[in-house]
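**Q** Structure supplied as coords-v3.cif; contents: mmCIF, C-alpha atoms and all ligand atoms.
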data_final
#
loop_
_atom_site.label_atom_id
_atom_site.label_comp_id
_atom_site.auth_asym_id
_atom_site.auth_seq_id
_atom_site.Cartn_x
_atom_site.Cartn_y
_atom_site.Cartn_z
CA MET A 1 131.05 79.63 -57.83
CA VAL A 2 129.13 79.47 -61.10
CA THR A 3 128.28 75.92 -62.20
CA LYS A 4 129.28 74.99 -65.75
CA VAL A 5 126.09 74.66 -67.72
CA LYS A 6 124.86 74.62 -71.27
CA GLY A 7 124.40 77.76 -73.31
CA CYS A 8 122.13 79.69 -75.65
CA LYS A 9 122.04 76.94 -78.29
CA GLU A 10 120.58 74.47 -75.80
CA LEU A 11 118.25 77.09 -74.35
CA VAL A 12 116.74 77.51 -77.80
CA SER A 13 116.56 73.79 -78.61
CA GLU A 14 115.48 72.52 -75.17
CA VAL A 15 113.22 75.33 -74.00
CA ILE A 16 112.20 77.92 -76.59
CA ASP A 17 111.67 75.57 -79.55
CA LYS A 18 109.80 73.16 -77.26
CA ASP A 19 107.28 75.81 -76.18
CA LEU A 20 108.52 75.65 -72.58
CA CYS A 21 109.54 79.32 -72.34
CA CYS A 22 107.55 81.23 -69.73
CA LEU A 23 108.81 84.65 -70.82
CA CYS A 24 110.27 85.49 -67.42
CA GLY A 25 113.09 87.39 -69.15
CA ALA A 26 115.92 85.79 -67.13
CA CYS A 27 117.80 84.93 -70.34
CA ALA A 28 117.29 88.31 -72.00
CA GLY A 29 119.12 91.60 -71.77
CA SER A 30 122.40 90.42 -70.24
CA CYS A 31 124.10 89.50 -73.53
CA PRO A 32 123.87 90.88 -77.09
CA TYR A 33 122.02 87.86 -78.42
CA LEU A 34 118.74 87.36 -76.57
CA VAL A 35 115.97 89.93 -76.23
CA SER A 36 112.24 89.84 -75.66
CA TYR A 37 110.16 91.07 -78.56
CA ARG A 38 106.38 91.07 -78.85
CA GLY A 39 105.76 88.36 -76.33
CA ARG A 40 108.61 86.00 -77.12
CA ILE A 41 112.33 85.59 -76.65
CA VAL A 42 114.19 86.25 -79.87
CA GLN A 43 117.76 85.21 -80.68
CA LEU A 44 119.40 88.02 -82.67
CA ASP A 45 122.57 86.15 -83.60
CA ASN A 46 124.36 82.88 -82.90
CA CYS A 47 126.13 82.71 -79.58
CA THR A 48 129.06 80.33 -79.44
CA LEU A 49 129.55 80.17 -75.67
CA SER A 50 129.29 76.60 -74.43
CA ASP A 51 127.94 77.68 -71.07
CA GLY A 52 125.71 80.59 -70.37
CA GLN A 53 123.72 82.32 -67.68
CA CYS A 54 120.76 82.38 -70.06
CA TYR A 55 120.53 78.60 -69.74
CA GLN A 56 121.49 78.53 -66.08
CA TYR A 57 118.79 80.92 -64.82
CA CYS A 58 115.93 79.67 -66.98
CA PRO A 59 113.19 78.25 -64.74
CA ARG A 60 112.62 75.52 -67.34
CA THR A 61 116.19 74.18 -67.23
CA PHE A 62 117.19 71.80 -64.45
CA VAL A 63 115.80 72.81 -61.08
CA ASP A 64 117.15 70.92 -58.07
CA ILE A 65 114.17 71.68 -55.91
CA ASP A 66 115.81 70.52 -52.65
CA ALA A 67 118.90 72.65 -53.30
CA ILE A 68 116.75 75.68 -54.09
CA SER A 69 114.76 75.12 -50.90
CA GLN A 70 117.97 74.72 -48.87
CA HIS A 71 119.17 78.03 -50.26
CA VAL A 72 115.99 79.96 -49.44
CA PHE A 73 114.80 78.24 -46.26
CA GLY A 74 117.77 76.19 -45.04
CA GLU A 75 115.74 72.99 -45.32
CA PRO A 76 114.76 70.44 -47.99
CA TYR A 77 111.66 71.00 -50.12
CA SER A 78 108.53 70.94 -48.00
CA GLU A 79 105.91 68.32 -48.74
CA ASP A 80 103.16 70.75 -47.74
CA GLU A 81 100.80 71.73 -50.56
CA LEU A 82 101.82 75.37 -50.07
CA GLY A 83 105.57 74.78 -49.66
CA THR A 84 107.46 76.18 -46.66
CA VAL A 85 105.10 78.27 -44.56
CA LYS A 86 105.56 80.28 -41.36
CA GLU A 87 102.05 81.67 -41.27
CA VAL A 88 99.01 82.08 -43.50
CA LEU A 89 96.68 85.00 -42.91
CA MET A 90 94.45 87.40 -44.76
CA ALA A 91 95.20 91.08 -45.15
CA ARG A 92 94.16 94.29 -46.82
CA SER A 93 95.59 97.76 -47.14
CA MET A 94 94.49 100.61 -44.87
CA ASP A 95 95.36 103.14 -47.58
CA ALA A 96 92.35 104.31 -49.59
CA ALA A 97 94.38 105.30 -52.68
CA ILE A 98 96.02 101.88 -52.80
CA LYS A 99 92.73 100.03 -52.26
CA GLU A 100 91.13 102.04 -55.07
CA LYS A 101 93.74 100.96 -57.64
CA ALA A 102 94.80 97.53 -56.33
CA GLN A 103 93.71 94.17 -57.64
CA TYR A 104 92.22 92.91 -54.35
CA GLY A 105 93.33 94.08 -50.91
CA GLY A 106 96.39 96.01 -52.12
CA THR A 107 98.66 94.04 -49.79
CA VAL A 108 101.47 93.86 -52.36
CA THR A 109 101.50 97.59 -53.06
CA THR A 110 101.27 98.39 -49.34
CA LEU A 111 104.19 96.14 -48.39
CA LEU A 112 106.36 97.53 -51.19
CA SER A 113 105.57 101.13 -50.26
CA LEU A 114 106.38 100.48 -46.61
CA ALA A 115 109.63 98.69 -47.47
CA MET A 116 110.62 101.72 -49.51
CA GLU A 117 109.61 104.26 -46.85
CA GLU A 118 111.60 102.34 -44.25
CA GLY A 119 114.71 102.11 -46.47
CA LEU A 120 114.53 98.30 -46.59
CA ILE A 121 114.56 98.62 -50.38
CA ASP A 122 115.59 101.44 -52.73
CA SER A 123 113.63 100.32 -55.77
CA ALA A 124 111.46 97.52 -57.09
CA ILE A 125 111.04 95.68 -60.38
CA LEU A 126 107.33 95.70 -61.05
CA THR A 127 104.81 95.29 -63.85
CA ARG A 128 102.40 97.99 -64.96
CA THR A 129 99.78 98.02 -67.66
CA THR A 130 100.52 100.43 -70.52
CA ALA A 131 97.96 102.63 -72.28
CA ASP A 132 97.40 99.89 -74.89
CA LYS A 133 96.90 97.38 -72.02
CA THR A 134 100.06 95.34 -72.52
CA PRO A 135 102.17 94.50 -69.45
CA GLU A 136 105.44 96.38 -69.03
CA ALA A 137 108.19 95.71 -66.50
CA PHE A 138 109.84 98.76 -64.96
CA LEU A 139 111.99 99.92 -62.06
CA ALA A 140 109.88 101.78 -59.50
CA ARG A 141 111.98 104.21 -57.44
CA ASN A 142 109.36 105.80 -55.20
CA THR A 143 105.96 105.07 -53.76
CA GLN A 144 104.12 106.98 -56.54
CA GLU A 145 105.76 104.70 -59.08
CA VAL A 146 104.91 101.65 -56.97
CA LEU A 147 101.27 102.70 -57.11
CA GLN A 148 101.45 102.69 -60.94
CA SER A 149 101.92 98.92 -60.78
CA ALA A 150 98.82 98.19 -58.68
CA GLY A 151 96.38 95.83 -60.40
CA SER A 152 96.95 92.58 -62.31
CA ASN A 153 97.76 92.16 -65.95
CA TYR A 154 97.33 88.45 -66.65
CA MET A 155 99.70 88.42 -69.63
CA ALA A 156 103.26 87.11 -69.11
CA CYS A 157 105.88 89.82 -68.83
CA PRO A 158 109.69 89.46 -68.99
CA ILE A 159 110.42 91.25 -65.71
CA LEU A 160 113.89 89.75 -65.27
CA GLU A 161 115.07 91.35 -68.49
CA THR A 162 114.58 94.64 -66.66
CA TYR A 163 116.76 93.31 -63.84
CA ASN A 164 119.41 92.19 -66.32
CA ARG A 165 119.42 95.62 -67.96
CA LEU A 166 120.17 97.53 -64.74
CA PRO A 167 123.58 99.20 -64.94
CA GLU A 168 126.30 96.80 -63.81
CA ASP A 169 127.25 98.94 -60.85
CA ASN A 170 123.65 99.35 -59.62
CA SER A 171 123.77 98.60 -55.92
CA ASP A 172 120.13 99.35 -55.10
CA LYS A 173 118.47 97.18 -52.51
CA LEU A 174 115.82 95.69 -54.77
CA ALA A 175 112.42 94.07 -54.45
CA ILE A 176 110.73 92.09 -57.17
CA VAL A 177 107.09 91.13 -57.50
CA ALA A 178 106.79 87.98 -59.54
CA VAL A 179 104.71 84.99 -60.56
CA PRO A 180 106.09 81.52 -59.64
CA CYS A 181 108.28 80.92 -62.73
CA GLN A 182 109.80 84.39 -62.32
CA VAL A 183 110.38 83.73 -58.62
CA MET A 184 112.22 80.53 -59.57
CA ALA A 185 114.45 82.38 -62.05
CA ALA A 186 115.20 85.10 -59.48
CA THR A 187 116.00 82.43 -56.87
CA LYS A 188 118.42 80.73 -59.26
CA MET A 189 120.09 84.14 -59.73
CA LYS A 190 120.28 84.73 -55.99
CA ARG A 191 121.81 81.28 -55.52
CA GLU A 192 124.47 81.75 -58.19
CA GLN A 193 125.04 85.44 -58.68
CA PRO A 194 125.10 86.84 -62.24
CA GLN A 195 128.70 87.41 -63.34
CA HIS A 196 128.05 90.92 -64.64
CA ARG A 197 126.73 92.28 -61.33
CA SER A 198 129.23 94.08 -59.13
CA SER A 199 126.91 94.00 -56.15
CA THR A 200 125.92 90.53 -55.06
CA ASP A 201 122.69 89.55 -53.39
CA ASN A 202 120.94 92.84 -54.12
CA ILE A 203 117.46 91.30 -54.40
CA LYS A 204 116.38 91.89 -50.81
CA LEU A 205 112.67 91.11 -51.06
CA VAL A 206 110.73 88.73 -53.27
CA ILE A 207 106.95 89.04 -53.21
CA GLY A 208 105.40 86.16 -55.12
CA LEU A 209 101.93 86.14 -56.62
CA PHE A 210 99.65 83.12 -56.73
CA CYS A 211 99.31 81.99 -60.34
CA THR A 212 97.37 79.22 -62.03
CA TRP A 213 98.46 80.32 -65.51
CA ALA A 214 99.49 83.39 -67.48
CA LEU A 215 98.36 84.45 -70.95
CA ALA A 216 100.51 84.70 -74.08
CA PRO A 217 100.87 88.47 -74.52
CA ASP A 218 100.90 88.81 -78.29
CA SER A 219 97.94 86.58 -79.20
CA PHE A 220 95.84 87.52 -76.16
CA HIS A 221 96.39 91.20 -76.80
CA ARG A 222 95.16 90.74 -80.37
CA PHE A 223 92.10 88.91 -79.04
CA LEU A 224 91.36 91.76 -76.61
CA LYS A 225 91.78 94.32 -79.38
CA ASP A 226 89.31 92.44 -81.57
CA ASN A 227 86.73 92.16 -78.80
CA LEU A 228 87.00 95.35 -76.76
CA ASN A 229 87.55 99.05 -76.96
CA LEU A 230 90.97 98.85 -75.29
CA PRO A 231 91.40 102.55 -74.35
CA SER A 232 88.30 102.28 -72.15
CA VAL A 233 89.63 99.31 -70.13
CA ILE A 234 90.32 100.07 -66.46
CA LYS A 235 91.00 96.66 -64.94
CA PHE A 236 91.12 92.91 -65.64
CA ASP A 237 90.02 90.30 -63.12
CA ILE A 238 89.62 86.54 -62.90
CA PRO A 239 87.17 85.95 -60.06
CA PRO A 240 87.70 82.68 -58.15
CA PRO A 241 85.76 79.52 -59.09
CA PRO A 242 82.99 78.76 -59.76
CA ALA A 243 82.70 82.11 -61.64
CA ASN A 244 84.44 80.79 -64.76
CA ARG A 245 84.75 84.24 -66.35
CA PHE A 246 87.37 86.81 -67.24
CA ASP A 247 86.06 90.22 -66.24
CA VAL A 248 87.09 93.42 -67.94
CA TYR A 249 86.09 96.64 -66.20
CA THR A 250 85.68 99.50 -68.68
CA HIS A 251 84.55 103.12 -68.44
CA SER A 252 81.18 101.99 -69.78
CA GLY A 253 80.69 99.00 -67.47
CA LYS A 254 81.88 95.42 -66.96
CA VAL A 255 82.36 93.00 -69.85
CA SER A 256 82.60 89.30 -68.94
CA LEU A 257 84.32 86.89 -71.32
CA PRO A 258 83.91 83.12 -70.93
CA LEU A 259 87.03 81.76 -69.22
CA GLU A 260 87.23 78.84 -71.71
CA GLU A 261 87.74 81.34 -74.52
CA VAL A 262 90.46 83.17 -72.60
CA ARG A 263 92.19 79.93 -71.55
CA GLU A 264 92.93 79.24 -75.23
CA PHE A 265 95.66 81.89 -74.87
CA THR A 266 97.39 80.33 -71.86
CA MET A 267 101.18 80.04 -72.25
CA PRO A 268 101.79 76.35 -73.15
CA THR A 269 104.55 76.16 -70.50
CA CYS A 270 102.04 76.78 -67.68
CA ALA A 271 100.81 73.20 -68.15
CA TYR A 272 104.19 72.00 -66.82
CA CYS A 273 104.44 74.29 -63.78
CA LEU A 274 103.75 72.71 -60.38
CA ASP A 275 103.88 75.90 -58.32
CA MET A 276 100.65 77.82 -57.68
CA THR A 277 101.72 79.91 -54.71
CA SER A 278 105.25 81.13 -55.54
CA GLU A 279 106.76 78.74 -53.05
CA PHE A 280 110.23 80.32 -52.93
CA ALA A 281 109.21 83.92 -52.27
CA ASP A 282 109.59 85.75 -48.94
CA ILE A 283 105.85 86.43 -48.97
CA SER A 284 103.22 85.05 -51.37
CA VAL A 285 99.97 86.88 -52.07
CA GLY A 286 96.72 85.92 -53.79
CA SER A 287 92.99 86.47 -53.51
CA VAL A 288 90.71 85.12 -50.80
CA GLU A 289 88.06 82.91 -52.27
CA GLY A 290 84.62 84.31 -51.44
CA ILE A 291 85.81 87.41 -49.52
CA GLU A 292 86.14 90.45 -51.73
CA GLY A 293 88.81 93.08 -51.16
CA TRP A 294 91.16 90.87 -49.13
CA ASN A 295 94.34 88.97 -49.90
CA THR A 296 95.55 85.58 -48.76
CA VAL A 297 99.11 86.09 -47.49
CA ILE A 298 101.64 83.30 -46.97
CA ILE A 299 104.63 84.34 -44.91
CA ARG A 300 107.61 82.11 -45.69
CA THR A 301 110.83 83.75 -44.43
CA ASP A 302 111.95 85.82 -41.41
CA ASN A 303 112.40 88.72 -43.78
CA GLY A 304 108.79 88.41 -44.92
CA ALA A 305 107.51 88.03 -41.34
CA LYS A 306 109.30 91.21 -40.21
CA LEU A 307 107.81 93.26 -43.03
CA VAL A 308 104.25 92.07 -42.44
CA GLU A 309 104.63 92.66 -38.69
CA MET A 310 105.90 96.18 -39.34
CA ALA A 311 102.95 96.86 -41.66
CA GLU A 312 100.50 95.68 -38.98
CA LYS A 313 102.19 97.72 -36.20
CA GLN A 314 102.24 100.89 -38.28
CA GLY A 315 98.56 100.49 -39.21
CA LYS A 316 99.36 100.04 -42.92
CA LEU A 317 97.78 96.59 -43.15
CA GLU A 318 94.70 95.17 -41.51
CA THR A 319 95.08 91.43 -40.97
CA GLY A 320 92.80 88.58 -39.95
CA THR A 321 92.60 84.83 -39.71
CA LEU A 322 92.03 83.12 -43.03
CA PRO A 323 88.85 81.04 -42.68
CA ALA A 324 89.64 77.30 -42.42
CA GLU A 325 87.47 76.61 -45.45
CA SER A 326 89.43 79.09 -47.62
CA LEU A 327 92.73 77.59 -46.47
CA ALA A 328 91.49 74.09 -47.29
CA HIS A 329 90.40 75.24 -50.79
CA LEU A 330 93.75 76.92 -51.38
CA LYS A 331 95.64 73.77 -50.38
CA GLU A 332 93.42 71.66 -52.60
CA ALA A 333 93.95 73.99 -55.59
CA ALA A 334 97.73 74.04 -55.02
CA LEU A 335 97.91 70.24 -54.75
CA ASN A 336 95.73 69.85 -57.85
CA LYS A 337 98.12 72.04 -59.82
CA LYS A 338 101.06 69.87 -58.75
CA LYS A 339 99.24 66.67 -59.70
CA ARG A 340 97.92 68.02 -63.00
CA SER A 341 101.25 69.46 -64.11
CA LEU A 342 103.33 66.47 -63.11
CA GLY A 343 100.88 64.29 -65.03
CA GLU A 344 101.35 66.56 -68.09
CA ILE A 345 105.15 66.34 -67.76
CA VAL A 346 105.12 62.55 -67.57
CA ASN A 347 102.66 62.40 -70.49
CA LYS A 348 105.08 64.51 -72.50
CA THR A 349 108.22 62.53 -71.69
CA GLY A 350 106.56 59.13 -71.34
CA ASN A 351 108.83 58.38 -68.38
CA LYS A 352 108.39 59.37 -64.74
CA LYS A 353 112.18 59.48 -64.37
CA ASP A 354 112.38 62.22 -67.01
CA LEU A 355 110.63 65.29 -65.61
CA LEU A 356 111.86 67.76 -68.28
CA TYR A 357 113.41 70.36 -65.99
CA LEU A 358 112.27 69.25 -62.59
CA GLY A 359 114.51 67.59 -60.01
CA LEU A 360 111.95 66.19 -57.57
CA SER A 361 112.41 63.24 -55.17
CA PRO A 362 110.92 59.90 -56.38
CA ALA A 363 108.74 59.84 -53.23
CA LEU A 364 107.15 63.18 -54.11
CA VAL A 365 106.76 62.16 -57.74
CA ASP A 366 104.83 59.08 -56.61
CA ARG A 367 102.73 61.15 -54.21
CA PHE A 368 101.77 63.72 -56.85
CA LEU A 369 101.10 61.07 -59.47
CA SER A 370 98.89 58.97 -57.17
C1 LIG B 1 99.47 86.09 -64.43
C2 LIG B 1 98.83 86.15 -63.07
C3 LIG B 1 98.02 85.07 -62.64
C4 LIG B 1 97.44 85.10 -61.36
N1 LIG B 1 96.67 84.04 -60.94
C5 LIG B 1 96.14 84.03 -59.70
C6 LIG B 1 95.38 82.93 -59.23
O1 LIG B 1 95.18 81.94 -59.94
N2 LIG B 1 94.86 82.98 -57.95
C7 LIG B 1 95.06 84.08 -57.14
O2 LIG B 1 94.57 84.08 -56.01
N3 LIG B 1 95.79 85.13 -57.57
C8 LIG B 1 96.33 85.13 -58.81
N4 LIG B 1 97.10 86.20 -59.22
C9 LIG B 1 97.45 87.24 -58.24
C10 LIG B 1 96.40 88.33 -58.10
O3 LIG B 1 95.93 88.74 -59.36
C11 LIG B 1 96.99 89.56 -57.35
O4 LIG B 1 98.17 89.98 -58.00
C12 LIG B 1 97.38 89.24 -55.91
O5 LIG B 1 96.28 88.73 -55.21
C13 LIG B 1 97.87 90.51 -55.19
O6 LIG B 1 96.79 91.35 -55.01
P1 LIG B 1 97.01 92.82 -54.44
O7 LIG B 1 95.68 93.52 -54.36
O8 LIG B 1 97.86 92.76 -53.22
O9 LIG B 1 97.88 93.42 -55.63
P2 LIG B 1 98.30 94.92 -55.98
O10 LIG B 1 98.62 95.67 -54.73
O11 LIG B 1 97.31 95.47 -56.93
O12 LIG B 1 99.68 94.66 -56.73
C14 LIG B 1 99.71 93.93 -57.92
C15 LIG B 1 101.14 93.54 -58.24
O13 LIG B 1 101.09 92.63 -59.34
C16 LIG B 1 102.19 92.84 -60.17
N5 LIG B 1 101.82 92.39 -61.51
C17 LIG B 1 100.78 92.82 -62.28
N6 LIG B 1 100.75 92.16 -63.44
C18 LIG B 1 101.79 91.28 -63.43
C19 LIG B 1 102.31 90.33 -64.35
N7 LIG B 1 101.76 90.12 -65.56
N8 LIG B 1 103.41 89.62 -64.01
C20 LIG B 1 104.02 89.82 -62.80
N9 LIG B 1 103.56 90.71 -61.88
C21 LIG B 1 102.47 91.43 -62.19
C22 LIG B 1 102.47 94.34 -60.08
O14 LIG B 1 103.84 94.58 -60.25
C23 LIG B 1 102.01 94.70 -58.67
O15 LIG B 1 103.12 94.80 -57.81
C24 LIG B 1 97.65 86.22 -60.51
C25 LIG B 1 98.43 87.31 -60.96
C26 LIG B 1 99.03 87.28 -62.22
C27 LIG B 1 99.87 88.44 -62.67
#
Just give me the structure of the file as structure tokens.
**A**
Amino acid sequence: MVTKVKGCKELVSEVIDKDLCCLCGACAGSCPYLVSYRGRIVQLDNCTLSDGQCYQYCPRTFVDIDAISQHVFGEPYSEDELGTVKEVLMARSMDAAIKEKAQYGGTVTTLLSLAMEEGLIDSAILTRTTADKTPEAFLARNTQEVLQSAGSNYMACPILETYNRLPEDNSDKLAIVAVPCQVMAATKMKREQPQHRSSTDNIKLVIGLFCTWALAPDSFHRFLKDNLNLPSVIKFDIPPPPANRFDVYTHSGKVSLPLEEVREFTMPTCAYCLDMTSEFADISVGSVEGIEGWNTVIIRTDNGAKLVEMAEKQGKLETGTLPAESLAHLKEAALNKKKRSLGEIVNKTGNKKDLLYLGLSPALVDRFLS
């Protein structure tokens, strides 16, 4: 049953006008009124509906974190820094073509390709970098198209608009690869199915990416254009601390930009996000601090565990134990993000009982604010 919620008017006044929009695209593309355009959500006309899925699925409208956790894991929200975890390991692809194009170990691309080969999914909503280096969400239908998405574009991209625009009768078994706010929106959709979808529960696999923040696409793209020869750019990277740089690999060598300069273009909403590791995904993937070419992998659900096990058995993924020091750093970074962001939220509202969008238990609020 779909809960009665507020609509487009409130989405604009409570989220978009307050700079809380994370450009996940969950509100766009399923009605005639909201679309994404040049890095923002634009309202084309007034919508008079008093309740709307645009408001309901937004990751910056009320999130009952325990209810979301119950839906995904069958248990209340975990107090662990990394959320609900079955296993943490490190992994990298065994496929040379994937490793060549991937951001780090190519674990994401490898898992998606395997899921497709095995018929666990038919297609996947992914993000690729266009010729002018902007991010673009698309539906990948085969492993060649999955490979097009390898590599990270650090600008926010409205991937869920692509989901919303799938034909109503699309019954593909889908995967999505998403940063934490997008994972939250997708989880809200999975919990209360969109009305316009004939097939329910078609998102079969959610691979979440670690994310400290994402960049505002329009202004950051302009900055890149002013500072670089964009056609020669091959890859972007943010090496782990203490590097403090944003690396751009080009056909004529590497250009490093100071991270402070790049941080100016962070989406304002990222300051209010507590989730660094995509806590509600089946599998979450990030870098391994200090070990190049490998990914940290957090397995969270049975579904995720089966896929990783299959990838190991078939020799698609090489796995290893994540060094204790790397795990400790990851936990520290994830906890710091929770503390920092909750502090920002309370600073904004001036009241620890008003957490903007977040429904978190008072005990956890006190823990993160201590
Ligand atoms: C905005 C952003 C911030 C990140 N911050 C961190 C961080 O702080 N720490 C960390 O360890 N890792 C971070 N990552 C994740 C990291 O960059 C890699 O994506 C991850 O380690 C997987 O590596 P891989 O080699 O398996 O990826 P690949 O196999 O190369 O696959 C990359 C996947 O990323 C997806 N993707 C690319 N750009 C975007 C985008 N803009 N939005 C959504 N999906 C996208 C593609 O669809 C593709 O499936 C971030 C990623 C993004 C997009």
**Q** May I ask for the distance between CA of Glu264 (chain A) and CA of Tyr154 (chain A), given in Å to one decimal place?
**A**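 If I compute the distance from CA of Glu264 (chain A) to CA of Tyr154 (chain A), I get 13.3 Å.
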**Q** Name all residues at most 9 Å from region 91-93 of chain A (count all atoms listed in the file; drop same-chain ones fewer than 5 positions away) and give them as a PDB file with C-alpha atoms, in the frame of the given file.
**A**
ATOM      1  CA  ILE A  98      96.020 101.880 -52.800  1.00  0.00           C
ATOM      2  CA  LYS A  99      92.730 100.030 -52.260  1.00  0.00           C
ATOM      3  CA  TYR A 104      92.220  92.910 -54.350  1.00  0.00           C
ATOM      4  CA  GLY A 105      93.330  94.080 -50.910  1.00  0.00           C
ATOM      5  CA  GLY A 106      96.390  96.010 -52.120  1.00  0.00           C
ATOM      6  CA  THR A 107      98.660  94.040 -49.790  1.00  0.00           C
ATOM      7  CA  VAL A 108     101.470  93.860 -52.360  1.00  0.00           C
ATOM      8  CA  THR A 109     101.500  97.590 -53.060  1.00  0.00           C
ATOM      9  CA  THR A 110     101.270  98.390 -49.340  1.00  0.00           C
ATOM     10  CA  LEU A 111     104.190  96.140 -48.390  1.00  0.00           C
ATOM     11  CA  GLY A 293      88.810  93.080 -51.160  1.00  0.00           C
ATOM     12  CA  TRP A 294      91.160  90.870 -49.130  1.00  0.00           C
ATOM     13  CA  ASN A 295      94.340  88.970 -49.900  1.00  0.00           C
ATOM     14  CA  THR A 296      95.550  85.580 -48.760  1.00  0.00           C
ATOM     15  CA  VAL A 297      99.110  86.090 -47.490  1.00  0.00           C
ATOM     16  CA  GLY A 315      98.560 100.490 -39.210  1.00  0.00           C
ATOM     17  CA  LYS A 316      99.360 100.040 -42.920  1.00  0.00           C
ATOM     18  CA  LEU A 317      97.780  96.590 -43.150  1.00  0.00           C
ATOM     19  CA  GLU A 318      94.700  95.170 -41.510  1.00  0.00           C
ATOM     20  CA  THR A 319      95.080  91.430 -40.970  1.00  0.00           C
ATOM     21  CA  GLY A 320      92.800  88.580 -39.950  1.00  0.00           C
ATOM     22  CA  THR A 321      92.600  84.830 -39.710  1.00  0.00           C
ATOM     23  CA  LEU A 322      92.030  83.120 -43.030  1.00  0.00           C
TER      24      LEU A 322
END
**Q** Between CA of Ala334 (chain A) and CA of Val262 (chain A), measure the distance and give it in Å to one decimal.
**A** 21.1 Å
**Q** With all atoms listed in the file as the basis for distance, which of A:Asn336, A:Gln314, A:Thr143, A:Gln103 is at the shortest distance from Tyr249 (chain A)?
**A** A:Gln103
**Q** Can you work out which one of A:Gly253, A:Pro158, A:Gly359, A:Gly83 has the shortest atom-to-atom distance to ligand LIG 1 (chain B), counting only C-alpha atoms and all ligand atoms?
**A**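 Of A:Gly253, A:Pro158, A:Gly359, A:Gly83, the one nearest ligand LIG 1 (chain B) is A:Pro158, counting only C-alpha atoms and all ligand atoms.
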**Q** A:Ala137, A:Leu49, A:Leu360, A:Val346: which is nearest Ala124 (chain A), counting all atoms listed in the file?
**A**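 Selected residue with least distance to Ala124 (chain A): A:Ala137.
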**Q** If we count only C-alpha atoms, what is near Ser50 (chain A) at a cut-off of 12 Å, once residues fewer than 3 positions away on the same chain are taken out, given as a PyMOL selection string?
**A** chain A and resi 4-11+46-47+53-56
**Q** Write out the residues from the selection above, keeping C-alpha atoms, as a short mmCIF file (atom, residue, chain, number, x, y, z; two decimals), in the frame of the given file.
**A**
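File written: selection.cif
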data_model
loop_
_atom_site.label_atom_id
_atom_site.label_comp_id
_atom_site.auth_asym_id
_atom_site.auth_seq_id
_atom_site.Cartn_x
_atom_site.Cartn_y
_atom_site.Cartn_z
CA LYS A 4 129.28 74.99 -65.75
CA VAL A 5 126.09 74.66 -67.72
CA LYS A 6 124.86 74.62 -71.27
CA GLY A 7 124.40 77.76 -73.31
CA CYS A 8 122.13 79.69 -75.65
CA LYS A 9 122.04 76.94 -78.29
CA GLU A 10 120.58 74.47 -75.80
CA LEU A 11 118.25 77.09 -74.35
CA ASN A 46 124.36 82.88 -82.90
CA CYS A 47 126.13 82.71 -79.58
CA GLN A 53 123.72 82.32 -67.68
CA CYS A 54 120.76 82.38 -70.06
CA TYR A 55 120.53 78.60 -69.74
CA GLN A 56 121.49 78.53 -66.08
#
**Q** For the point (100.2, 89.5, -56.5) in the file's frame, write as a ChimeraX atom specification all residues with an atom no more than 8 Å away, counting only C-alpha atoms.
**A** /A:108,152,177-179,207-210,284-286
**Q** So, counting only C-alpha atoms and all ligand atoms, which residue among A:Arg340, A:Lys204, A:Lys306, A:Lys101 is closest to ligand LIG 1 (chain B)?
**A**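 Closest residue, counting only C-alpha atoms and all ligand atoms: A:Lys101.
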**Q** I'd like the contact shell of region 217-219 of chain A - 10 Å cut-off, all atoms listed in the file, skipping same-chain residues fewer than 5 positions apart - returned as a PyMOL selection string.
**A** chain A and resi 23+37-40+134-135+153-157+224-225+264-267
**Q** For the point (83.4, 82.4, -74.1) in the file's frame, write as a short mmCIF file (atom, residue, chain, number, x, y, z; two decimals) with C-alpha atoms, in the coordinates of the input all residues with an atom no more than 12 Å away, counting only C-alpha atoms.
**A**
data_model
loop_
_atom_site.label_atom_id
_atom_site.label_comp_id
_atom_site.auth_asym_id
_atom_site.auth_seq_id
_atom_site.Cartn_x
_atom_site.Cartn_y
_atom_site.Cartn_z
CA PHE A 223 92.10 88.91 -79.04
CA ASN A 227 86.73 92.16 -78.80
CA ASN A 244 84.44 80.79 -64.76
CA ARG A 245 84.75 84.24 -66.35
CA PHE A 246 87.37 86.81 -67.24
CA ASP A 247 86.06 90.22 -66.24
CA VAL A 255 82.36 93.00 -69.85
CA SER A 256 82.60 89.30 -68.94
CA LEU A 257 84.32 86.89 -71.32
CA PRO A 258 83.91 83.12 -70.93
CA LEU A 259 87.03 81.76 -69.22
CA GLU A 260 87.23 78.84 -71.71
CA GLU A 261 87.74 81.34 -74.52
CA VAL A 262 90.46 83.17 -72.60
CA ARG A 263 92.19 79.93 -71.55
CA GLU A 264 92.93 79.24 -75.23
#
**Q** Write out as a PyMOL selection string the residues lying within 10 Å of Ser123 (chain A), counting only C-alpha atoms and excluding same-chain residues fewer than 2 positions away.
**A** chain A and resi 112-113+115-116+119-121+125-126+139-143+145-146+172-176+203
**Q** Excluding Leu356 (chain A) and residues on its chain fewer than 4 positions from it, collect all residues at most 8 Å away from it, counting all atoms listed in the file, and give them as an MDAnalysis selection string.
**A** chainID A and resid 60:62 345 349
**Q** Using only C-alpha atoms, please write the residues we just selected to a file, as a compact mmCIF listing (two decimals), keeping the file's coordinate frame.
**A**
# COMPACT_ATOMS: atom_id res chain seq x y z
CA ARG A 60 112.62 75.52 -67.34
CA THR A 61 116.19 74.18 -67.23
CA PHE A 62 117.19 71.80 -64.45
CA ILE A 345 105.15 66.34 -67.76
CA THR A 349 108.22 62.53 -71.69
